[in-house]
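Colleague: input.cif (mmCIF, C-alpha atoms and all ligand atoms) pasted underneath:
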data_final
#
loop_
_atom_site.label_atom_id
_atom_site.label_comp_id
_atom_site.auth_asym_id
_atom_site.auth_seq_id
_atom_site.Cartn_x
_atom_site.Cartn_y
_atom_site.Cartn_z
CA MET A 1 14.18 2.75 -1.07
CA SER A 2 17.45 3.98 0.43
CA GLU A 3 15.59 5.74 3.26
CA PHE A 4 13.36 2.78 4.08
CA ASN A 5 14.09 1.00 7.35
CA PRO A 6 12.43 -2.44 7.44
CA ASN A 7 12.92 -2.58 11.22
CA ASP A 8 10.63 0.43 11.78
CA ILE A 9 6.87 0.28 12.17
CA GLY A 10 4.98 0.25 8.85
CA VAL A 11 4.18 3.56 7.18
CA ALA A 12 0.62 4.09 5.92
CA ASN A 13 1.51 4.85 2.30
CA GLY A 14 -1.52 3.03 0.80
CA ASN A 15 0.48 -0.12 0.05
CA PHE A 16 -0.09 -3.44 1.77
CA PHE A 17 2.64 -3.69 4.45
CA GLY A 18 3.68 -0.10 3.68
CA LEU A 19 6.18 -1.54 1.20
CA PRO A 20 8.41 1.11 -0.38
CA CYS A 21 7.42 0.55 -4.00
CA ASN A 22 5.48 2.60 -6.54
CA GLU A 23 3.50 1.55 -9.62
CA ASN A 24 6.41 1.93 -12.06
CA GLU A 25 8.89 0.01 -9.92
CA SER A 26 6.45 -2.78 -9.15
CA GLU A 27 6.69 -6.32 -10.44
CA ILE A 28 3.72 -7.55 -8.42
CA VAL A 29 0.50 -5.56 -8.19
CA LEU A 30 -2.07 -6.26 -5.51
CA LEU A 31 -5.61 -5.58 -6.65
CA SER A 32 -8.08 -4.98 -3.82
CA VAL A 33 -11.61 -6.06 -4.62
CA PRO A 34 -14.08 -4.83 -1.96
CA TRP A 35 -17.00 -7.10 -2.88
CA ASP A 36 -19.54 -9.15 -0.96
CA ALA A 37 -22.61 -9.09 -3.22
CA THR A 38 -23.37 -12.84 -3.20
CA VAL A 39 -22.35 -13.95 0.30
CA SER A 40 -24.92 -16.30 1.80
CA TYR A 41 -24.28 -15.94 5.52
CA GLY A 42 -22.15 -13.29 7.21
CA THR A 43 -21.34 -10.09 5.32
CA GLY A 44 -18.31 -7.85 5.77
CA THR A 45 -15.74 -9.21 3.34
CA ALA A 46 -16.12 -6.04 1.24
CA ASP A 47 -14.26 -4.29 4.05
CA GLY A 48 -11.54 -6.97 3.98
CA PRO A 49 -8.98 -5.27 1.73
CA GLN A 50 -8.87 -1.99 3.68
CA ALA A 51 -8.81 -3.84 7.02
CA ILE A 52 -5.91 -6.00 5.79
CA ILE A 53 -4.02 -2.91 4.58
CA ASP A 54 -4.50 -1.34 8.04
CA ALA A 55 -3.51 -4.53 9.90
CA SER A 56 -0.59 -5.19 7.53
CA LEU A 57 1.33 -2.21 8.92
CA GLN A 58 1.84 -4.22 12.11
CA VAL A 59 3.37 -7.22 10.31
CA ASP A 60 7.10 -7.53 10.80
CA LEU A 61 8.62 -7.63 7.33
CA PHE A 62 11.38 -10.05 8.22
CA ASP A 63 10.88 -13.65 7.14
CA GLU A 64 13.61 -16.13 8.03
CA LYS A 65 13.19 -17.95 4.71
CA VAL A 66 13.14 -14.80 2.57
CA PRO A 67 15.54 -12.46 4.41
CA GLU A 68 15.27 -9.69 1.80
CA SER A 69 11.49 -9.91 1.70
CA TRP A 70 10.99 -6.22 2.49
CA LYS A 71 12.51 -5.49 -0.93
CA THR A 72 9.61 -7.24 -2.68
CA ARG A 73 8.54 -5.03 -5.55
CA ALA A 74 4.84 -5.01 -4.71
CA TRP A 75 2.50 -2.07 -5.20
CA THR A 76 -1.14 -1.82 -4.21
CA ILE A 77 -3.83 -0.49 -6.56
CA PRO A 78 -6.00 1.91 -4.51
CA VAL A 79 -9.28 0.37 -3.31
CA SER A 80 -12.04 1.25 -5.80
CA GLU A 81 -14.93 3.23 -4.24
CA GLU A 82 -16.99 2.54 -7.35
CA ILE A 83 -16.69 -1.23 -6.93
CA TYR A 84 -17.46 -0.93 -3.21
CA GLU A 85 -20.68 0.97 -4.01
CA LEU A 86 -21.66 -1.43 -6.78
CA SER A 87 -21.23 -4.25 -4.27
CA SER A 88 -23.48 -2.51 -1.70
CA ARG A 89 -26.25 -2.01 -4.27
CA ALA A 90 -26.01 -5.59 -5.52
CA ARG A 91 -25.96 -6.85 -1.94
CA GLN A 92 -29.37 -5.23 -1.26
CA ALA A 93 -30.84 -6.95 -4.32
CA ALA A 94 -29.22 -10.24 -3.27
CA GLU A 95 -30.91 -10.02 0.14
CA ASP A 96 -34.32 -9.83 -1.60
CA VAL A 97 -33.46 -12.99 -3.57
CA ILE A 98 -32.20 -14.87 -0.49
CA ALA A 99 -35.30 -13.81 1.54
CA ALA A 100 -37.61 -15.15 -1.21
CA LEU A 101 -35.67 -18.43 -1.32
CA GLU A 102 -35.83 -18.77 2.47
CA GLU A 103 -39.61 -18.36 2.33
CA GLY A 104 -39.69 -21.28 -0.09
CA ALA A 105 -40.64 -19.13 -3.08
CA GLY A 106 -38.91 -19.91 -6.35
CA VAL A 107 -36.82 -17.19 -7.93
CA PRO A 108 -37.06 -17.34 -11.73
CA GLU A 109 -34.09 -16.40 -13.88
CA ASP A 110 -35.76 -13.18 -15.01
CA ASN A 111 -36.37 -11.99 -11.43
CA VAL A 112 -35.39 -8.30 -11.33
CA SER A 113 -33.29 -8.53 -8.16
CA LEU A 114 -31.49 -11.62 -9.43
CA GLN A 115 -30.69 -9.82 -12.67
CA ILE A 116 -29.31 -6.83 -10.75
CA VAL A 117 -26.92 -9.15 -8.90
CA ASN A 118 -25.83 -11.09 -11.98
CA ASN A 119 -25.32 -7.89 -14.01
CA ALA A 120 -23.27 -6.38 -11.16
CA SER A 121 -21.12 -9.54 -11.05
CA GLU A 122 -20.52 -9.25 -14.83
CA LYS A 123 -19.39 -5.66 -14.31
CA LEU A 124 -17.09 -6.71 -11.49
CA ASN A 125 -15.57 -9.49 -13.60
CA LYS A 126 -14.95 -6.98 -16.39
CA TYR A 127 -13.23 -4.61 -13.95
CA VAL A 128 -10.94 -7.38 -12.63
CA GLU A 129 -10.23 -8.59 -16.19
CA GLU A 130 -9.32 -5.06 -17.35
CA GLN A 131 -7.06 -4.35 -14.40
CA SER A 132 -5.42 -7.79 -14.63
CA GLY A 133 -4.93 -7.52 -18.38
CA LYS A 134 -3.37 -4.06 -18.06
CA TYR A 135 -0.72 -5.14 -15.55
CA LEU A 136 -0.09 -8.61 -17.01
CA SER A 137 0.57 -6.91 -20.36
CA ALA A 138 3.11 -4.71 -18.59
CA GLY A 139 4.90 -7.90 -17.49
CA LYS A 140 3.79 -7.76 -13.85
CA LEU A 141 2.33 -10.50 -11.69
CA VAL A 142 -1.20 -9.77 -10.47
CA ALA A 143 -2.73 -10.87 -7.17
CA VAL A 144 -6.27 -10.23 -5.94
CA VAL A 145 -7.30 -9.42 -2.36
CA GLY A 146 -11.04 -9.89 -1.73
CA GLY A 147 -13.75 -9.62 -0.98
CA GLU A 148 -15.78 -12.78 -1.28
CA HIS A 149 -14.46 -15.72 -3.27
CA SER A 150 -16.17 -14.81 -6.55
CA VAL A 151 -13.73 -11.94 -7.11
CA PRO A 152 -10.64 -13.65 -8.61
CA PHE A 153 -12.64 -15.06 -11.55
CA GLY A 154 -11.59 -12.18 -13.83
CA LEU A 155 -7.92 -12.70 -12.99
CA ILE A 156 -8.02 -16.49 -13.50
CA LYS A 157 -9.87 -16.00 -16.81
CA THR A 158 -7.30 -13.45 -17.97
CA LEU A 159 -4.44 -15.80 -17.04
CA GLY A 160 -6.29 -18.47 -19.03
CA GLU A 161 -5.90 -16.33 -22.13
CA ARG A 162 -2.15 -16.07 -21.58
CA TYR A 163 -1.18 -19.58 -20.44
CA ASN A 164 -1.97 -22.80 -22.31
CA ASP A 165 -1.79 -24.87 -19.16
CA PHE A 166 -1.82 -24.06 -15.49
CA GLY A 167 -3.14 -25.46 -12.23
CA VAL A 168 -4.95 -23.95 -9.26
CA LEU A 169 -3.97 -24.78 -5.70
CA HIS A 170 -7.30 -24.12 -3.98
CA LEU A 171 -7.31 -23.86 -0.17
CA ASP A 172 -10.83 -23.62 1.20
CA ALA A 173 -13.37 -25.12 3.61
CA HIS A 174 -15.74 -25.32 0.64
CA SER A 175 -15.39 -26.87 -2.78
CA ASP A 176 -16.98 -23.84 -4.49
CA THR A 177 -18.08 -26.06 -7.38
CA ARG A 178 -21.81 -25.34 -7.22
CA LYS A 179 -23.55 -24.28 -10.39
CA ALA A 180 -25.05 -20.80 -9.83
CA TYR A 181 -25.68 -21.04 -6.08
CA GLU A 182 -28.98 -19.34 -5.08
CA GLY A 183 -29.37 -18.34 -8.73
CA PHE A 184 -26.25 -16.15 -8.59
CA LYS A 185 -24.23 -17.06 -11.65
CA PHE A 186 -21.01 -15.70 -10.16
CA SER A 187 -21.57 -16.78 -6.58
CA HIS A 188 -18.71 -17.14 -4.11
CA ALA A 189 -19.83 -20.80 -3.93
CA SER A 190 -19.36 -21.27 -7.70
CA ILE A 191 -15.90 -19.87 -8.37
CA MET A 192 -14.24 -23.21 -9.16
CA TYR A 193 -17.27 -24.44 -11.14
CA ASN A 194 -16.98 -21.29 -13.25
CA VAL A 195 -13.24 -21.81 -13.67
CA LEU A 196 -13.78 -25.41 -14.85
CA GLU A 197 -16.50 -24.27 -17.27
CA ASN A 198 -14.86 -21.14 -18.65
CA VAL A 199 -11.10 -21.51 -18.34
CA PRO A 200 -10.02 -24.60 -20.32
CA SER A 201 -6.31 -23.88 -19.73
CA VAL A 202 -6.79 -24.83 -16.09
CA SER A 203 -5.84 -28.48 -16.34
CA LYS A 204 -5.98 -29.22 -12.61
CA ILE A 205 -7.59 -27.77 -9.50
CA VAL A 206 -6.06 -29.26 -6.37
CA GLN A 207 -8.40 -28.67 -3.44
CA VAL A 208 -7.13 -28.73 0.15
CA GLY A 209 -9.03 -28.29 3.40
CA ILE A 210 -12.53 -28.81 2.02
CA ARG A 211 -15.01 -30.13 4.56
CA ASP A 212 -18.41 -28.56 3.84
CA TYR A 213 -19.78 -29.41 0.41
CA CYS A 214 -22.79 -31.05 -1.22
CA SER A 215 -23.38 -34.37 -2.95
CA ASP A 216 -23.34 -32.86 -6.47
CA GLU A 217 -19.97 -31.30 -5.70
CA HIS A 218 -18.69 -34.62 -4.38
CA GLN A 219 -19.71 -36.30 -7.64
CA LEU A 220 -18.00 -33.61 -9.67
CA ILE A 221 -14.70 -33.37 -7.84
CA PHE A 222 -14.17 -37.10 -7.37
CA ASN A 223 -15.00 -37.89 -11.00
CA SER A 224 -13.35 -35.03 -12.88
CA GLU A 225 -9.81 -35.60 -14.09
CA ARG A 226 -9.35 -31.85 -13.70
CA VAL A 227 -9.87 -31.91 -9.93
CA ALA A 228 -7.73 -33.51 -7.24
CA PRO A 229 -9.67 -33.34 -3.95
CA TYR A 230 -7.67 -33.47 -0.72
CA THR A 231 -10.64 -33.14 1.60
CA ASP A 232 -10.00 -32.34 5.24
CA PHE A 233 -10.96 -35.93 6.12
CA ILE A 234 -8.55 -37.45 3.59
CA VAL A 235 -5.70 -35.25 4.78
CA ASN A 236 -6.44 -35.95 8.45
CA GLN A 237 -6.68 -39.68 7.78
CA MET A 238 -3.23 -39.62 6.19
CA GLN A 239 -1.85 -37.87 9.26
CA PHE A 240 -3.67 -40.11 11.76
CA MET A 241 -2.17 -43.11 9.97
CA GLY A 242 1.30 -41.69 10.37
CA ARG A 243 2.06 -39.67 7.24
CA THR A 244 3.96 -36.46 7.87
CA TRP A 245 2.62 -33.10 6.72
CA ASP A 246 5.83 -32.69 4.74
CA SER A 247 5.17 -35.79 2.63
CA ILE A 248 1.48 -34.90 2.21
CA CYS A 249 2.50 -31.45 0.93
CA ASP A 250 4.84 -33.09 -1.61
CA GLU A 251 2.01 -35.32 -2.80
CA ILE A 252 -0.45 -32.41 -3.06
CA ILE A 253 2.07 -30.34 -5.05
CA SER A 254 2.93 -33.26 -7.36
CA ASN A 255 -0.62 -33.12 -8.74
CA LEU A 256 -0.04 -29.61 -10.09
CA PRO A 257 1.34 -28.70 -13.52
CA ASP A 258 4.41 -26.43 -13.87
CA ASN A 259 2.49 -23.15 -13.68
CA VAL A 260 0.41 -22.68 -10.54
CA TYR A 261 -2.13 -20.12 -9.38
CA ILE A 262 -3.00 -20.13 -5.66
CA SER A 263 -6.56 -19.38 -4.55
CA PHE A 264 -6.68 -19.00 -0.78
CA ASP A 265 -10.03 -18.74 0.99
CA ILE A 266 -9.26 -17.80 4.59
CA ASP A 267 -11.88 -20.29 5.81
CA ALA A 268 -9.51 -23.09 4.78
CA LEU A 269 -7.90 -22.30 8.14
CA THR A 270 -9.28 -23.42 11.49
CA PRO A 271 -12.06 -21.04 12.62
CA GLU A 272 -10.04 -19.45 15.41
CA ASN A 273 -8.01 -17.88 12.60
CA CYS A 274 -11.06 -16.40 10.87
CA PRO A 275 -13.98 -16.19 13.34
CA ASN A 276 -15.80 -13.51 11.32
CA THR A 277 -15.45 -14.95 7.81
CA GLY A 278 -18.71 -15.47 5.89
CA THR A 279 -19.06 -19.21 6.49
CA PRO A 280 -16.60 -20.53 9.11
CA VAL A 281 -16.41 -24.35 9.46
CA PRO A 282 -14.82 -26.43 12.26
CA GLY A 283 -11.72 -28.37 11.27
CA GLY A 284 -9.34 -27.15 8.59
CA LEU A 285 -5.67 -26.31 8.27
CA THR A 286 -3.65 -24.73 11.02
CA PHE A 287 -1.81 -21.53 10.13
CA ALA A 288 1.45 -23.47 10.26
CA GLN A 289 0.21 -26.18 7.86
CA ALA A 290 -1.01 -23.61 5.32
CA ASP A 291 2.22 -21.62 5.62
CA TYR A 292 4.31 -24.77 5.09
CA LEU A 293 2.28 -25.91 2.07
CA ILE A 294 2.68 -22.56 0.29
CA TYR A 295 6.37 -22.43 1.21
CA LYS A 296 6.93 -25.97 -0.13
CA LEU A 297 5.16 -25.04 -3.37
CA SER A 298 7.36 -21.96 -3.73
CA ILE A 299 10.56 -24.03 -3.55
CA SER A 300 9.20 -27.00 -5.55
CA GLY A 301 10.50 -25.83 -8.94
CA LYS A 302 6.99 -24.96 -10.10
CA ARG A 303 6.23 -21.39 -11.10
CA ILE A 304 3.66 -19.30 -9.22
CA ILE A 305 1.79 -17.15 -11.78
CA GLY A 306 -0.68 -15.37 -9.51
CA PHE A 307 -2.73 -15.72 -6.37
CA ASP A 308 -5.70 -14.46 -4.42
CA LEU A 309 -6.71 -14.20 -0.78
CA CYS A 310 -10.46 -14.01 -0.16
CA GLU A 311 -13.20 -14.01 2.49
CA VAL A 312 -11.31 -12.13 5.20
CA ALA A 313 -14.02 -10.26 7.13
CA PRO A 314 -12.93 -7.77 9.77
CA ALA A 315 -14.82 -7.88 13.06
CA PRO A 316 -16.36 -4.65 14.31
CA GLU A 317 -14.78 -5.26 17.71
CA GLY A 318 -11.23 -6.21 16.82
CA GLU A 319 -8.65 -6.73 14.11
CA TRP A 320 -7.90 -10.44 14.61
CA ASP A 321 -9.33 -11.65 11.28
CA ALA A 322 -7.50 -8.92 9.39
CA ASN A 323 -4.33 -9.59 11.37
CA VAL A 324 -4.31 -13.28 10.34
CA GLY A 325 -5.31 -12.32 6.78
CA ALA A 326 -2.40 -9.87 6.54
CA ARG A 327 0.03 -12.58 7.66
CA ILE A 328 -1.25 -15.12 5.14
CA LEU A 329 -1.09 -12.42 2.46
CA TYR A 330 2.53 -11.66 3.39
CA LYS A 331 3.48 -15.32 3.10
CA LEU A 332 1.77 -15.59 -0.29
CA LEU A 333 3.51 -12.42 -1.42
CA VAL A 334 7.08 -13.07 -0.30
CA TYR A 335 7.14 -16.76 -1.20
CA THR A 336 5.88 -15.78 -4.65
CA ALA A 337 8.53 -13.06 -4.88
CA GLN A 338 11.22 -15.59 -3.98
CA ASN A 339 9.75 -18.15 -6.38
CA ARG A 340 9.91 -15.62 -9.24
CA LYS A 341 13.42 -14.38 -8.20
CA SER A 342 13.40 -11.20 -10.30
CA LEU A 343 10.81 -9.68 -8.04
CA ILE A 344 13.24 -8.46 -5.39
CA PHE A 345 15.01 -5.10 -5.64
CA ALA A 346 18.69 -5.48 -6.32
CA ASP A 347 20.94 -3.68 -3.80
MN MN B 1 -14.31 -20.26 -1.13
#
The structure given in the file should be rewritten as structure tokens.
Ligand SMILES: [Mn+2]
Modeller:
Amino acid sequence: MSEFNPNDIGVANGNFFGLPCNENESEIVLLSVPWDATVSYGTGTADGPQAIIDASLQVDLFDEKVPESWKTRAWTIPVSEEIYELSSRARQAAEDVIAALEEGAGVPEDNVSLQIVNNASEKLNKYVEEQSGKYLSAGKLVAVVGGEHSVPFGLIKTLGERYNDFGVLHLDAHSDTRKAYEGFKFSHASIMYNVLENVPSVSKIVQVGIRDYCSDEHQLIFNSERVAPYTDFIVNQMQFMGRTWDSICDEIISNLPDNVYISFDIDALTPENCPNTGTPVPGGLTFAQADYLIYKLSISGKRIIGFDLCEVAPAPEGEWDANVGARILYKLLVYTAQNRKSLIFAD
């Protein structure tokens, strides 16, 4: 710590942002989950965590609202090769399933390829649950970096066993409340459906930015007392009629209980911020709006208990997606550190 100069360029020490913190010293652990087994459109999110680590070394560690942010006690669990390979194998099976569906053929539940994908997803969930449980038991805060949006399920489920009541602030272009999309039980498009079904301690999911979802999802999110939908249209309408983003953020946050988990799908942002993500959609939040919403939550008096960042897909020809992803991740990390106070190294 004493030799670390936050004004220098980041050092590739395996940690996100090259932060000077080891496993023992850490109070936040970042769990990379290189997984894109069930993506329906563009692949590549399995390479997200490593690309964000690489891009994160270019992020300036100073944040005007969290001046000591470079002292955040965050350590990064090394990216698991085993999970990356399991994802690649499951992805091949998933392509067989998607091809059959696109030809109009039905895919029964006992289809071999479908079972390979669903079994792989169960294994992944177990891995994330085990890692989360290990570090939560050690008193640390756990955050997941995906990978596609199915990956934080194990963390949210594990938090559900430790908290009686918490909310999810869900930023996304999609509602992700489909039941077993394309037959994949743990699809990226089903993460919030699976949370509602399997994690009863989640009393409220507040969705922001959603603008591409189906009629069944509309029925569910507008009729469930456990969901507060702030669709992109609703939020834009408020602004067009003169509401400020500041007051909309306050309203969004007021729907959440005291303990809050943040689930950030990068496609919540406008597509120029994530051109290579799996399913980019026009519209969405600007970087500044998303930053301000998370910041406001962090100073709202509510307690952030974990977070994820998913669906960042690096482009073969440039690092823009990973660059934006790294900056969102840094905001999530340092605002959480400030929110939890004890997470900063004392001088
Ligand atoms: Mn999503």
Colleague: Pull the neighbourhood of (-14.0, -35.4, -11.8) for me: all residues within 12 Å in file coordinates, counting all atoms listed in the file, as a list in words.
Modeller: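 Output: Thr177, Tyr193, Leu196, Ser203, Lys204, Ile205, Val206, Asp216, Glu217, His218, Gln219, Leu220, Ile221, Phe222, Asn223, Ser224, Glu225, Arg226, Val227, Ala228 and Pro229 of chain A.
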Colleague: Using all atoms listed in the file, which protein or nucleic acid residues are at most 10 Å from ligand MN 1 (chain B), as a list in words?
Modeller: Glu148, His149, Ser150, His170, Leu171, Asp172, Ala173, His174, Ser175, Asp176, Thr177, Ser187, His188, Ala189, Ser190, Ile191, Met192, Ile210, Ser263, Phe264, Asp265, Ile266, Asp267, Ala268, Gly278, Thr279, Leu309, Cys310 and Glu311 of chain A
Colleague: Identify, on the basis of all atoms listed in the file, every residue whose closest approach to segment 101-111 of chain A does not exceed 12 Å; exclude the query and any residue fewer than 5 positions from it along the same chain; express the result as a VMD selection string.
Modeller: chain A and resid 40 93 to 96 116 to 119 180 to 185
Colleague: State, in Å with one decimal place, the distance from atom CA of Gly139 of chain A to atom CA of Ala74 of chain A.
Modeller: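 We find that atom CA of Gly139 of chain A and atom CA of Ala74 of chain A lie 13.1 Å from each other.
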Colleague: For the atom pair atom CA of Lys71 of chain A and atom CA of Thr336 of chain A, what is the interatomic distance in Å to one decimal place?
Modeller: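 Answer for the atom CA of Lys71 of chain A to atom CA of Thr336 of chain A separation: 12.8 Å.
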Colleague: Any idea what the distance is between atom CA of Ser215 of chain A and atom CA of Gly146 of chain A?
Modeller: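 Atom-to-atom, atom CA of Ser215 of chain A to atom CA of Gly146 of chain A, that is 27.4 Å.
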Colleague: My list of candidates is A:Ala46, A:Leu31, A:Ala120, A:Val235. Which is closest to Leu86 of chain A when distances are computed with all atoms listed in the file?
Modeller: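 Nearest to Leu86 of chain A: A:Ala120.
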Colleague: Kindly indicate which residue among A:Glu317, A:Glu161, A:Asp258, A:Asn323 lies nearest to Ser300 of chain A, using only C-alpha atoms for the distances.
Modeller: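 Among the listed residues, A:Asp258 lies closest to Ser300 of chain A.
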Colleague: Residues at most 9 Å from Val145 of chain A, counting all atoms listed in the file, excluding those fewer than 6 positions away in the same chain, as a VMD selection string?
Modeller: chain A and resid 30 to 34 48 to 49 52 151 to 152 307 to 312 329
Colleague: Those residues with C-alpha atoms, as a PDB file, keeping the file's coordinate frame please?
Modeller:
ATOM      1  CA  LEU A  30      -2.070  -6.260  -5.510  1.00  0.00           C
ATOM      2  CA  LEU A  31      -5.610  -5.580  -6.650  1.00  0.00           C
ATOM      3  CA  SER A  32      -8.080  -4.980  -3.820  1.00  0.00           C
ATOM      4  CA  VAL A  33     -11.610  -6.060  -4.620  1.00  0.00           C
ATOM      5  CA  PRO A  34     -14.080  -4.830  -1.960  1.00  0.00           C
ATOM      6  CA  GLY A  48     -11.540  -6.970   3.980  1.00  0.00           C
ATOM      7  CA  PRO A  49      -8.980  -5.270   1.730  1.00  0.00           C
ATOM      8  CA  ILE A  52      -5.910  -6.000   5.790  1.00  0.00           C
ATOM      9  CA  VAL A 151     -13.730 -11.940  -7.110  1.00  0.00           C
ATOM     10  CA  PRO A 152     -10.640 -13.650  -8.610  1.00  0.00           C
ATOM     11  CA  PHE A 307      -2.730 -15.720  -6.370  1.00  0.00           C
ATOM     12  CA  ASP A 308      -5.700 -14.460  -4.420  1.00  0.00           C
ATOM     13  CA  LEU A 309      -6.710 -14.200  -0.780  1.00  0.00           C
ATOM     14  CA  CYS A 310     -10.460 -14.010  -0.160  1.00  0.00           C
ATOM     15  CA  GLU A 311     -13.200 -14.010   2.490  1.00  0.00           C
ATOM     16  CA  VAL A 312     -11.310 -12.130   5.200  1.00  0.00           C
ATOM     17  CA  LEU A 329      -1.090 -12.420   2.460  1.00  0.00           C
TER      18      LEU A 329
END
Colleague: Write out as JSON, numbers by chain the residues lying within 12 Å of Asp63 of chain A, counting all atoms listed in the file and excluding same-chain residues fewer than 2 positions away.
Modeller: {"A": [6, 7, 59, 60, 61, 65, 66, 67, 68, 69, 70, 71, 72, 291, 295, 327, 330, 331, 332, 333, 334, 335, 338]}
Colleague: Could you give me, as a tab-separated table, every segment 147-219 of chain A residue with an atom at most 9 Å from segment 245-252 of chain A, plus its closest atom pair and distance in Å to one decimal, counting all atoms listed in the file, rows ordered by chain then number?
Modeller:
residue	atom	partner	partner_atom	distance
A:Leu169	CA	A:Ile252	CA	8.8
A:Val206	CA	A:Ile252	CA	7.2
A:Gln207	CA	A:Ile252	CA	8.8
A:Val208	CA	A:Ile252	CA	8.3
Colleague: Within 10 Å of (-11.3, -0.9, -6.8) (file coordinates; all atoms listed in the file), which protein or nucleic acid residues are there? I'd like them as number ranges by chain.
Modeller: A: 31-35, 49, 77-85, 124, 127-128, 131
Colleague: Write out as an MDAnalysis selection string the residues lying within 6 Å of Ala313 of chain A, counting only C-alpha atoms and excluding same-chain residues fewer than 6 positions away.
Modeller: chainID A and resid 44:45 48 276:277
Colleague: List the spatial neighbours of Pro275 of chain A as a list in words - criterion: any atom at most 9 Å away, only C-alpha atoms, same-chain residues fewer than 3 positions off excluded.
Modeller: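 Selected residues are Asp267, Thr270, Pro271, Glu272, Gly278, Pro280, Ala313, Ala315, Trp320 and Asp321 of chain A.
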Colleague: Find the residue from A:Val168, A:Asn198, A:Pro282, A:Ala90 that sits nearest to Leu297 of chain A; use only C-alpha atoms when measuring.
Modeller: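 Of the candidates, the smallest distance to Leu297 of chain A is held by A:Val168.
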Colleague: Please define a box with edges along x, y and z of the file around all atoms of segment 193-199 of chain A given in the file, extend it by 4 Å on each side, and return its centre and edge lengths in Å to one decimal, as lines of an AutoDock Vina configuration file.
Modeller:
center_x = -14.2
center_y = -23.3
center_z = -14.9
size_x = 14.2
size_y = 12.3
size_z = 15.5
Colleague: I need the residue nearest Trp75 of chain A from this list: A:Ala12, A:Val29, A:Val39, A:Ala337. Use all atoms listed in the file for the distance.
Modeller: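 For Trp75 of chain A, the nearest of the given residues is A:Val29.
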